[in-house]
Each structure stands twice: as C-alpha cells, then as structure tokens.
$ cat final26.txt   # compact mmCIF, C-alpha atoms and all ligand atoms
# COMPACT_ATOMS: atom_id res chain seq x y z
CA MET T 1 127.35 88.91 78.90
CA LEU T 2 126.41 90.38 82.26
CA GLY T 3 124.30 93.16 80.79
CA GLY T 4 120.86 94.69 81.28
CA ARG T 5 118.61 91.83 82.10
CA LYS T 6 115.08 91.25 81.00
CA GLY T 7 112.53 91.36 83.83
CA ILE T 8 111.32 88.15 85.42
CA LEU T 9 107.66 87.23 85.24
CA PHE T 10 106.40 85.78 88.53
CA VAL T 11 103.01 84.06 88.45
CA ILE T 12 101.13 83.25 91.65
CA SER T 13 98.06 81.01 91.65
CA GLY T 14 96.07 79.04 94.18
CA PRO T 15 92.54 78.42 95.39
CA SER T 16 90.30 81.36 96.21
CA GLY T 17 90.73 82.40 99.85
CA VAL T 18 94.16 80.81 100.29
CA GLY T 19 95.70 84.23 100.93
CA LYS T 20 97.13 85.29 97.56
CA GLY T 21 96.00 88.91 97.83
CA THR T 22 97.26 89.22 101.39
CA LEU T 23 100.63 87.70 100.47
CA LYS T 24 100.93 89.84 97.35
CA ASP T 25 100.52 93.04 99.39
CA ARG T 26 103.07 91.90 101.96
CA LEU T 27 105.50 90.89 99.25
CA LEU T 28 105.23 94.16 97.36
CA ALA T 29 105.81 96.06 100.59
CA ARG T 30 109.15 94.38 101.14
CA GLN T 31 110.53 93.56 97.68
CA GLU T 32 111.87 96.37 95.51
CA GLY T 33 111.71 96.35 91.73
CA ILE T 34 108.60 94.26 91.21
CA GLU T 35 105.51 95.64 89.51
CA TYR T 36 102.08 94.16 90.14
CA SER T 37 99.93 93.73 87.08
CA ILE T 38 96.37 94.85 87.83
CA SER T 39 93.92 92.50 86.15
CA ALA T 40 90.68 93.35 84.43
CA THR T 41 87.49 91.62 85.48
CA THR T 42 83.74 91.65 84.94
CA ARG T 43 82.95 90.47 88.47
CA PRO T 44 81.08 92.88 90.74
CA MET T 45 83.21 95.10 92.93
CA ARG T 46 83.46 93.99 96.57
CA ASP T 47 83.11 96.38 99.48
CA GLY T 48 86.34 98.34 99.85
CA GLU T 49 87.63 97.60 96.36
CA ILE T 50 88.77 100.46 94.14
CA ASN T 51 88.64 100.52 90.36
CA GLY T 52 92.17 100.70 88.95
CA VAL T 53 93.73 99.56 92.23
CA HIS T 54 92.37 96.09 92.92
CA TYR T 55 91.10 95.46 89.40
CA PHE T 56 89.98 97.32 86.33
CA PHE T 57 86.26 96.60 86.63
CA LEU T 58 84.79 96.34 83.15
CA ALA T 59 81.39 95.62 81.65
CA LYS T 60 81.17 92.39 79.69
CA PRO T 61 80.99 93.98 76.20
CA GLU T 62 84.08 96.07 76.94
CA PHE T 63 85.99 93.01 78.14
CA GLU T 64 84.94 91.11 75.02
CA ARG T 65 86.09 93.99 72.82
CA MET T 66 89.49 93.84 74.49
CA ILE T 67 89.69 90.08 73.91
CA ALA T 68 88.94 90.66 70.22
CA SER T 69 91.63 93.35 69.98
CA GLY T 70 94.25 91.06 71.52
CA ASP T 71 94.68 93.33 74.52
CA PHE T 72 95.10 90.44 76.98
CA LEU T 73 98.17 88.34 77.54
CA GLU T 74 95.81 85.71 78.91
CA TRP T 75 92.20 85.68 79.93
CA ALA T 76 89.82 83.13 81.41
CA VAL T 77 86.34 82.64 82.75
CA VAL T 78 86.74 82.08 86.48
CA TYR T 79 83.71 81.33 88.65
CA ASP T 80 81.42 82.68 85.88
CA ASN T 81 83.23 85.99 85.36
CA TYR T 82 85.90 87.13 82.92
CA TYR T 83 89.38 87.87 84.26
CA GLY T 84 92.37 88.94 82.17
CA THR T 85 95.90 90.31 82.26
CA PRO T 86 96.42 93.50 80.24
CA ARG T 87 99.19 92.75 77.75
CA ARG T 88 100.97 96.09 77.33
CA PHE T 89 101.76 96.75 80.99
CA VAL T 90 103.43 93.38 81.46
CA LEU T 91 105.49 93.44 78.28
CA ASP T 92 106.62 97.04 78.68
CA ASN T 93 107.88 96.36 82.20
CA LEU T 94 109.63 93.10 81.31
CA ASN T 95 111.32 94.78 78.37
CA GLN T 96 112.49 97.60 80.63
CA GLY T 97 114.09 95.02 82.91
CA LYS T 98 111.47 95.26 85.65
CA ASP T 99 110.06 92.15 87.29
CA VAL T 100 106.31 91.67 87.12
CA LEU T 101 103.96 89.81 89.44
CA LEU T 102 100.72 88.24 88.20
CA GLU T 103 98.11 86.81 90.55
CA ILE T 104 95.92 84.74 88.27
CA ASP T 105 93.96 81.50 88.23
CA ILE T 106 95.27 78.14 87.03
CA GLN T 107 93.82 78.47 83.52
CA GLY T 108 95.57 81.79 83.03
CA ALA T 109 98.83 80.42 84.46
CA ARG T 110 98.64 77.52 82.02
CA GLN T 111 98.29 79.94 79.09
CA ILE T 112 101.27 81.98 80.27
CA ARG T 113 103.41 78.89 80.81
CA GLU T 114 102.74 77.67 77.26
CA ARG T 115 103.89 80.95 75.77
CA TYR T 116 106.52 81.95 78.28
CA PRO T 117 108.04 78.97 80.10
CA GLU T 118 110.86 81.13 81.50
CA GLY T 119 108.31 82.65 83.88
CA VAL T 120 108.40 81.53 87.51
CA PHE T 121 105.23 79.72 88.55
CA ILE T 122 104.33 79.60 92.23
CA PHE T 123 101.36 77.73 93.66
CA ILE T 124 100.00 78.82 97.03
CA ALA T 125 98.29 75.97 98.86
CA PRO T 126 96.18 76.07 102.03
CA PRO T 127 97.07 73.90 105.04
CA SER T 128 93.73 72.06 104.49
CA LEU T 129 90.34 72.37 102.84
CA THR T 130 88.78 73.10 106.23
CA GLU T 131 91.17 76.00 106.80
CA LEU T 132 90.44 77.32 103.30
CA ALA T 133 86.69 77.30 103.98
CA LYS T 134 87.31 79.10 107.27
CA ARG T 135 89.35 81.83 105.54
CA LEU T 136 86.69 82.42 102.89
CA GLU T 137 84.04 82.73 105.59
CA LEU T 138 86.16 84.97 107.81
CA ARG T 139 86.95 87.25 104.87
CA GLY T 140 83.20 87.83 104.75
CA LYS T 141 83.14 89.27 101.22
CA ASP T 142 81.37 86.48 99.34
CA SER T 143 77.90 85.00 99.74
CA PRO T 144 77.58 81.39 101.00
CA GLU T 145 76.63 80.36 97.46
CA VAL T 146 79.75 81.99 95.97
CA ILE T 147 81.90 80.37 98.69
CA ARG T 148 80.38 76.96 97.95
CA GLN T 149 81.08 77.42 94.25
CA ARG T 150 84.70 78.40 94.91
CA LEU T 151 85.32 75.47 97.26
CA SER T 152 83.87 73.03 94.73
CA HIS T 153 86.91 73.65 92.49
CA TYR T 154 89.35 72.70 95.25
CA ASP T 155 90.44 69.21 94.05
CA GLU T 156 90.76 70.31 90.45
CA GLU T 157 92.87 73.32 91.44
CA MET T 158 95.13 71.37 93.80
CA ALA T 159 95.81 68.79 91.07
CA GLU T 160 97.52 71.56 89.09
CA ILE T 161 100.39 71.87 91.59
CA VAL T 162 102.57 69.55 89.50
CA ASN T 163 102.70 72.15 86.73
CA TYR T 164 104.28 74.80 88.96
CA ASP T 165 107.91 75.47 89.81
CA TYR T 166 107.24 76.10 93.49
CA ALA T 167 104.53 75.09 95.97
CA VAL T 168 104.19 77.16 99.12
CA ILE T 169 101.78 76.26 101.90
CA ASN T 170 100.30 79.39 103.44
CA ASP T 171 100.15 78.34 107.08
CA ASP T 172 101.95 81.02 109.06
CA LEU T 173 101.57 84.31 107.19
CA GLU T 174 104.98 85.74 108.09
CA TYR T 175 106.85 82.54 107.25
CA THR T 176 104.99 82.22 103.94
CA THR T 177 105.89 85.79 103.00
CA LEU T 178 109.49 85.00 103.81
CA LYS T 179 109.41 81.92 101.58
CA LEU T 180 107.98 83.90 98.66
CA SER T 181 110.54 86.62 99.16
CA ALA T 182 113.30 84.00 99.16
CA ILE T 183 112.02 82.55 95.87
CA ILE T 184 112.10 85.97 94.24
CA THR T 185 115.60 86.70 95.51
CA ALA T 186 116.93 83.30 94.42
CA GLU T 187 115.39 83.61 90.94
CA ARG T 188 117.01 87.01 90.53
CA CYS T 189 120.42 85.52 91.30
CA LYS T 190 120.21 82.78 88.65
CA VAL T 191 123.01 83.07 86.11
CA VAL T 192 120.55 82.74 83.22
CA ARG T 193 118.92 86.01 84.30
CA PHE T 194 122.10 87.93 83.56
CA ILE T 195 122.43 86.82 79.98
CA ARG T 196 121.74 89.63 77.53
CA ARG T 197 118.09 90.29 76.79
CA ASP T 198 118.33 89.25 73.16
CA GLU T 199 119.86 85.93 74.15
CA ILE T 200 116.87 84.96 76.25
CA GLY T 201 113.91 83.12 74.69
CA THR T 202 111.92 85.42 72.45
CA ALA T 203 108.73 83.36 72.24
CA PHE T 204 106.71 85.93 74.10
CA ASP T 205 107.99 88.84 72.03
CA GLN T 206 107.12 87.06 68.81
CA GLN T 207 103.72 86.17 70.10
CA THR T 208 103.29 89.78 71.20
CA ASP T 209 104.14 91.20 67.82
CA GLU T 210 101.61 88.93 66.17
CA GLY T 211 98.96 89.68 68.77
CA LYS T 212 99.23 93.47 68.61
P1 LIG T 301 92.82 85.17 98.01
O1 LIG T 301 93.39 86.46 97.46
O2 LIG T 301 93.69 83.99 97.75
O3 LIG T 301 91.41 84.91 97.60
P2 LIG T 301 92.89 86.62 100.59
O4 LIG T 301 94.26 87.22 100.56
O5 LIG T 301 91.72 87.49 100.35
O6 LIG T 301 92.82 85.32 99.61
O7 LIG T 301 92.76 85.88 102.01
C1 LIG T 301 91.54 85.26 102.43
C2 LIG T 301 91.38 85.44 103.94
O8 LIG T 301 92.36 84.65 104.63
C3 LIG T 301 91.60 86.88 104.40
O9 LIG T 301 90.64 87.18 105.40
C4 LIG T 301 93.02 86.88 104.97
O10 LIG T 301 93.20 87.83 105.98
C5 LIG T 301 93.14 85.45 105.52
N1 LIG T 301 94.51 84.89 105.50
C6 LIG T 301 95.44 85.02 104.53
N2 LIG T 301 96.57 84.36 104.86
C7 LIG T 301 96.35 83.79 106.08
C8 LIG T 301 97.14 82.96 106.95
N3 LIG T 301 98.38 82.58 106.65
N4 LIG T 301 96.57 82.55 108.10
C9 LIG T 301 95.30 82.90 108.42
N5 LIG T 301 94.50 83.69 107.64
C10 LIG T 301 95.02 84.13 106.47
P1 LIG T 302 88.72 87.18 93.07
O1 LIG T 302 87.39 87.32 92.44
O2 LIG T 302 88.66 86.44 94.39
O3 LIG T 302 89.48 88.48 93.18
O4 LIG T 302 89.60 86.26 92.10
C1 LIG T 302 89.08 85.04 91.67
C2 LIG T 302 90.13 84.27 90.91
O5 LIG T 302 90.47 84.97 89.69
C3 LIG T 302 91.44 84.06 91.66
O6 LIG T 302 91.82 82.70 91.50
C4 LIG T 302 92.40 84.98 90.96
O7 LIG T 302 93.74 84.48 91.01
C5 LIG T 302 91.87 84.93 89.55
N1 LIG T 302 92.33 86.06 88.72
C6 LIG T 302 92.51 87.36 89.10
N2 LIG T 302 92.97 88.08 88.08
C7 LIG T 302 93.11 87.23 87.02
C8 LIG T 302 93.56 87.39 85.67
O8 LIG T 302 93.96 88.45 85.21
N3 LIG T 302 93.52 86.28 84.88
C9 LIG T 302 93.11 85.07 85.34
N4 LIG T 302 93.15 84.04 84.49
N5 LIG T 302 92.68 84.89 86.59
C10 LIG T 302 92.68 85.95 87.43

$ encode --input "final26.txt" --output "structure tokens"
Amino acid sequence: MLGGRKGILFVISGPSGVGKGTLKDRLLARQEGIEYSISATTRPMRDGEINGVHYFFLAKPEFERMIASGDFLEWAVVYDNYYGTPRRFVLDNLNQGKDVLLEIDIQGARQIRERYPEGVFIFIAPPSLTELAKRLELRGKDSPEVIRQRLSHYDEEMAEIVNYDYAVINDDLEYTTLKLSAIITAERCKVVRFIRRDEIGTAFDQQTDEGK
C-alpha cells in the first residue's frame, strides 16, 4: 500500500498584488520536489519579465487555438486578458509522482477543484484592502487604471475564501512563507497520499484522456 505516490497539486490564488509571486519564489527556493507550472497569457509583458520563465506570452489567436485543441487544464479571462494552465506539464509531473504548484485566479481554481478535488487549495489574503493597494502601487508595474481595475474585484475575490482548504494572510513575508511551507509538508505526510496511484481518484485522468 505504501508505494509510489501520485504528485500533489497545490493551487494558490488571491487578489492581485497580495504577494503570490513573491511567496511562490520563496517557497520554491526552500521546498524540494515541487514543480511550478508556468502559465500562458495574452497580457503584455511587464518590465523584467521573460517569456518562458514568468509566463508563456502568446498572441490571442494562438491562445484561442490552444483552447480549441484542449491544451489547457483550465483557462480564464482575468482583467481582460486570457490566462491558462498548460495541461501536459501538470499531468506528466503528477503522474511521475512530482508535486505541482499552480498560481492562478479564482475562476481557474474553481475549474480545477471541480475536476480534481484532491488538489490542495490555498487562498492568500492581504492584511487589508489599504495594504493591498499600497503593494500594487509600490510594485510599480501597472498603470493607475489597471490598479483600479484590479482592486475593484477585491470583495468578489475575498468572498471565494470559503471554497479553499487553507487561508493564509500575507502580513509578515517570512512567517507567511513558513506557513505555506508547513501546509506543503503536512499535506505530503497525509496517509491518503501514500495509497497506490491507481487507488487514488482518477477523475482528472479520465477527463485528460477525453480532452487530449
Ligand atoms: P501578486 O503576484 O500576488 O500579484 P507580488 O508577489 O507581485 O503579488 O507582490 C506585490 C508587491 O507586494 C511586491 O512589490 C512585493 O514585493 C510586495 N509584497 C509581497 N509580500 C509582501 C509582504 N508580506 N509585505 C510587504 N510587501 C509584500
Ligand atoms: P498577473 O497579470 O498579475 O501576472 O496575474 C493576474 C492574475 O492572473 C492573477 O490573479 C494570477 O493568479 C492569474 N493567473 C496567472 N496565471 C493563470 C492561469 O494559468 N490561469 C488562471 N485562471 N489565472 C492565472
């Protein structure tokens, strides 16, 4: 029974500017055995971003072609741009027993949860709306109009917390990283994770086969 385990899918969501990207980098630097899934997007590249590192930056027709071919595990329109999780990378890693981390919006997380409830869903919340606005401004990568648009989704996004397994307030950066790291470690120790791969829910695999 204690055999090769299937990888665990960790999903992180939260309002824009809450610190997801920062936390993800810190987490990956200190947790072994977790692969980050690089998303595809049609949004313009920000200063300092690298294609294939931060995102796969695609033109709209290309993204739409990939939707039509079933190449995304989930996709959504977020703040007027397409964002999506490439299917193959995630499934290959999970099937090889590697854990995978997704950093996606609440619509995408909802899609994943419907198809793969054994994933671990973590919501990152800001200490307050004022602090969130401050972080978006300090980051200095988005125009005031884009920041306004992102903040306008705050209440709607925060209302989604109830659909997550964990809620983590990103106040002190080091403490928050520690909390996320603890969640990953605890999830890996769950007895259910050691049950043979073929005994674990196969909903995702079935859905994958159909979607290929
Ligand atoms: P997201 O990926 O959620 O949009 P970022 O990781 O880009 O957010 O973080 C937004 C800004 O907030 C960045 O300038 C980052 O350095 C800062 N930040 C992240 N976490 C904290 C924290 N705990 N305290 C203060 N500032 C933070
Ligand atoms: P940003 O443009 O700031 O990088 O990201 C904007 C929002 O898109 C964030 O909430 C982020 O979590 C979300 N996002 C990034 N990648 C994906 C993805 O692959 N799918 C979905 N649904 N959302 C994503």

$ closest_residue --input "final26.txt" --among "T:Asp80, T:Asp171, T:Glu114, T:Glu35" --to "ligand LIG 301 (chain T)" --atoms "all atoms listed in the file"
T:Asp171

$ residues_near_ligand --input "final26.txt" --ligand "ligand LIG 302 (chain T)" --cutoff "7 Å" --atoms "only C-alpha atoms and all ligand atoms" --output "JSON, numbers by chain"
{"T": [13, 14, 15, 16, 39, 40, 43, 74, 75, 76, 78, 83, 84, 85, 103, 104, 105, 106, 107, 108, 109]}

$ atom_distance --input "final26.txt" --atom1 "atom C1 of ligand LIG 301 (chain T)" --atom2 "CA of Gly119 (chain T)"
25.1 Å

$ closest_residue --input "final26.txt" --among "T:Phe57, T:Phe194, T:Tyr116, T:Phe121" --to "Val11 (chain T)" --atoms "all atoms listed in the file"
T:Phe121

$ residues_near_point --input "final26.txt" --point "(111.6, 85.1, 100.4)" --cutoff "12 Å" --atoms "all atoms listed in the file" --output "list of chain:residue names"
T:Leu23, T:Arg26, T:Leu27, T:Leu28, T:Arg30, T:Gln31, T:Val168, T:Glu174, T:Tyr175, T:Thr176, T:Thr177, T:Leu178, T:Lys179, T:Leu180, T:Ser181, T:Ala182, T:Ile183, T:Ile184, T:Thr185, T:Ala186, T:Glu187, T:Arg188

$ atom_distance --input "final26.txt" --atom1 "atom C2 of ligand LIG 301 (chain T)" --atom2 "CA of Gly17 (chain T)"
5.1 Å

$ atom_distance --input "final26.txt" --atom1 "CA of Ile38 (chain T)" --atom2 "CA of Leu138 (chain T)"
24.5 Å

$ build_atoms --input "final26.txt" --residues "region 41-58 of chain T" --atoms "N, CA, C and O atoms" --output "PDB file, keeping the file's coordinate frame"
ATOM      1  N   THR T  41      88.511  92.626  85.194  1.00  0.00           N
ATOM      2  CA  THR T  41      87.490  91.620  85.480  1.00  0.00           C
ATOM      3  C   THR T  41      86.084  92.169  85.244  1.00  0.00           C
ATOM      4  O   THR T  41      85.886  93.388  85.281  1.00  0.00           O
ATOM      5  N   THR T  42      85.155  91.249  85.039  1.00  0.00           N
ATOM      6  CA  THR T  42      83.740  91.650  84.940  1.00  0.00           C
ATOM      7  C   THR T  42      82.992  91.311  86.229  1.00  0.00           C
ATOM      8  O   THR T  42      81.782  91.485  86.286  1.00  0.00           O
ATOM      9  N   ARG T  43      83.701  90.807  87.245  1.00  0.00           N
ATOM     10  CA  ARG T  43      82.950  90.470  88.470  1.00  0.00           C
ATOM     11  C   ARG T  43      82.579  91.745  89.215  1.00  0.00           C
ATOM     12  O   ARG T  43      83.263  92.762  89.099  1.00  0.00           O
ATOM     13  N   PRO T  44      81.478  91.686  89.992  1.00  0.00           N
ATOM     14  CA  PRO T  44      81.080  92.880  90.740  1.00  0.00           C
ATOM     15  C   PRO T  44      82.142  93.274  91.754  1.00  0.00           C
ATOM     16  O   PRO T  44      82.837  92.417  92.296  1.00  0.00           O
ATOM     17  N   MET T  45      82.251  94.577  91.974  1.00  0.00           N
ATOM     18  CA  MET T  45      83.210  95.100  92.930  1.00  0.00           C
ATOM     19  C   MET T  45      82.804  94.698  94.352  1.00  0.00           C
ATOM     20  O   MET T  45      81.629  94.755  94.684  1.00  0.00           O
ATOM     21  N   ARG T  46      83.775  94.288  95.171  1.00  0.00           N
ATOM     22  CA  ARG T  46      83.460  93.990  96.570  1.00  0.00           C
ATOM     23  C   ARG T  46      83.584  95.278  97.387  1.00  0.00           C
ATOM     24  O   ARG T  46      84.273  96.207  96.988  1.00  0.00           O
ATOM     25  N   ASP T  47      82.974  95.245  98.558  1.00  0.00           N
ATOM     26  CA  ASP T  47      83.110  96.380  99.480  1.00  0.00           C
ATOM     27  C   ASP T  47      84.586  96.682  99.685  1.00  0.00           C
ATOM     28  O   ASP T  47      85.364  95.766  99.960  1.00  0.00           O
ATOM     29  N   GLY T  48      84.946  97.949  99.571  1.00  0.00           N
ATOM     30  CA  GLY T  48      86.340  98.340  99.850  1.00  0.00           C
ATOM     31  C   GLY T  48      87.244  98.271  98.644  1.00  0.00           C
ATOM     32  O   GLY T  48      88.384  98.729  98.708  1.00  0.00           O
ATOM     33  N   GLU T  49      86.774  97.671  97.546  1.00  0.00           N
ATOM     34  CA  GLU T  49      87.630  97.600  96.360  1.00  0.00           C
ATOM     35  C   GLU T  49      87.571  98.904  95.560  1.00  0.00           C
ATOM     36  O   GLU T  49      86.538  99.588  95.552  1.00  0.00           O
ATOM     37  N   ILE T  50      88.676  99.213  94.903  1.00  0.00           N
ATOM     38  CA  ILE T  50      88.770 100.460  94.140  1.00  0.00           C
ATOM     39  C   ILE T  50      89.129 100.128  92.695  1.00  0.00           C
ATOM     40  O   ILE T  50      90.069  99.349  92.443  1.00  0.00           O
ATOM     41  N   ASN T  51      88.374 100.730  91.775  1.00  0.00           N
ATOM     42  CA  ASN T  51      88.640 100.520  90.360  1.00  0.00           C
ATOM     43  C   ASN T  51      90.016 101.069  90.003  1.00  0.00           C
ATOM     44  O   ASN T  51      90.351 102.195  90.358  1.00  0.00           O
ATOM     45  N   GLY T  52      90.829 100.259  89.340  1.00  0.00           N
ATOM     46  CA  GLY T  52      92.170 100.700  88.950  1.00  0.00           C
ATOM     47  C   GLY T  52      93.220 100.409  90.010  1.00  0.00           C
ATOM     48  O   GLY T  52      94.407 100.617  89.792  1.00  0.00           O
ATOM     49  N   VAL T  53      92.778  99.931  91.180  1.00  0.00           N
ATOM     50  CA  VAL T  53      93.730  99.560  92.230  1.00  0.00           C
ATOM     51  C   VAL T  53      93.692  98.038  92.424  1.00  0.00           C
ATOM     52  O   VAL T  53      94.692  97.348  92.278  1.00  0.00           O
ATOM     53  N   HIS T  54      92.496  97.536  92.722  1.00  0.00           N
ATOM     54  CA  HIS T  54      92.370  96.090  92.920  1.00  0.00           C
ATOM     55  C   HIS T  54      92.164  95.391  91.579  1.00  0.00           C
ATOM     56  O   HIS T  54      92.719  94.316  91.335  1.00  0.00           O
ATOM     57  N   TYR T  55      91.348  95.952  90.764  1.00  0.00           N
ATOM     58  CA  TYR T  55      91.100  95.460  89.400  1.00  0.00           C
ATOM     59  C   TYR T  55      90.691  96.641  88.545  1.00  0.00           C
ATOM     60  O   TYR T  55      90.315  97.700  89.063  1.00  0.00           O
ATOM     61  N   PHE T  56      90.711  96.437  87.224  1.00  0.00           N
ATOM     62  CA  PHE T  56      89.980  97.320  86.330  1.00  0.00           C
ATOM     63  C   PHE T  56      88.625  96.629  86.149  1.00  0.00           C
ATOM     64  O   PHE T  56      88.554  95.534  85.579  1.00  0.00           O
ATOM     65  N   PHE T  57      87.593  97.223  86.705  1.00  0.00           N
ATOM     66  CA  PHE T  57      86.260  96.600  86.630  1.00  0.00           C
ATOM     67  C   PHE T  57      85.596  97.022  85.321  1.00  0.00           C
ATOM     68  O   PHE T  57      85.364  98.217  85.090  1.00  0.00           O
ATOM     69  N   LEU T  58      85.330  96.050  84.480  1.00  0.00           N
ATOM     70  CA  LEU T  58      84.790  96.340  83.150  1.00  0.00           C
ATOM     71  C   LEU T  58      83.439  95.682  82.958  1.00  0.00           C
ATOM     72  O   LEU T  58      83.142  94.640  83.562  1.00  0.00           O
TER      73      LEU T  58
END
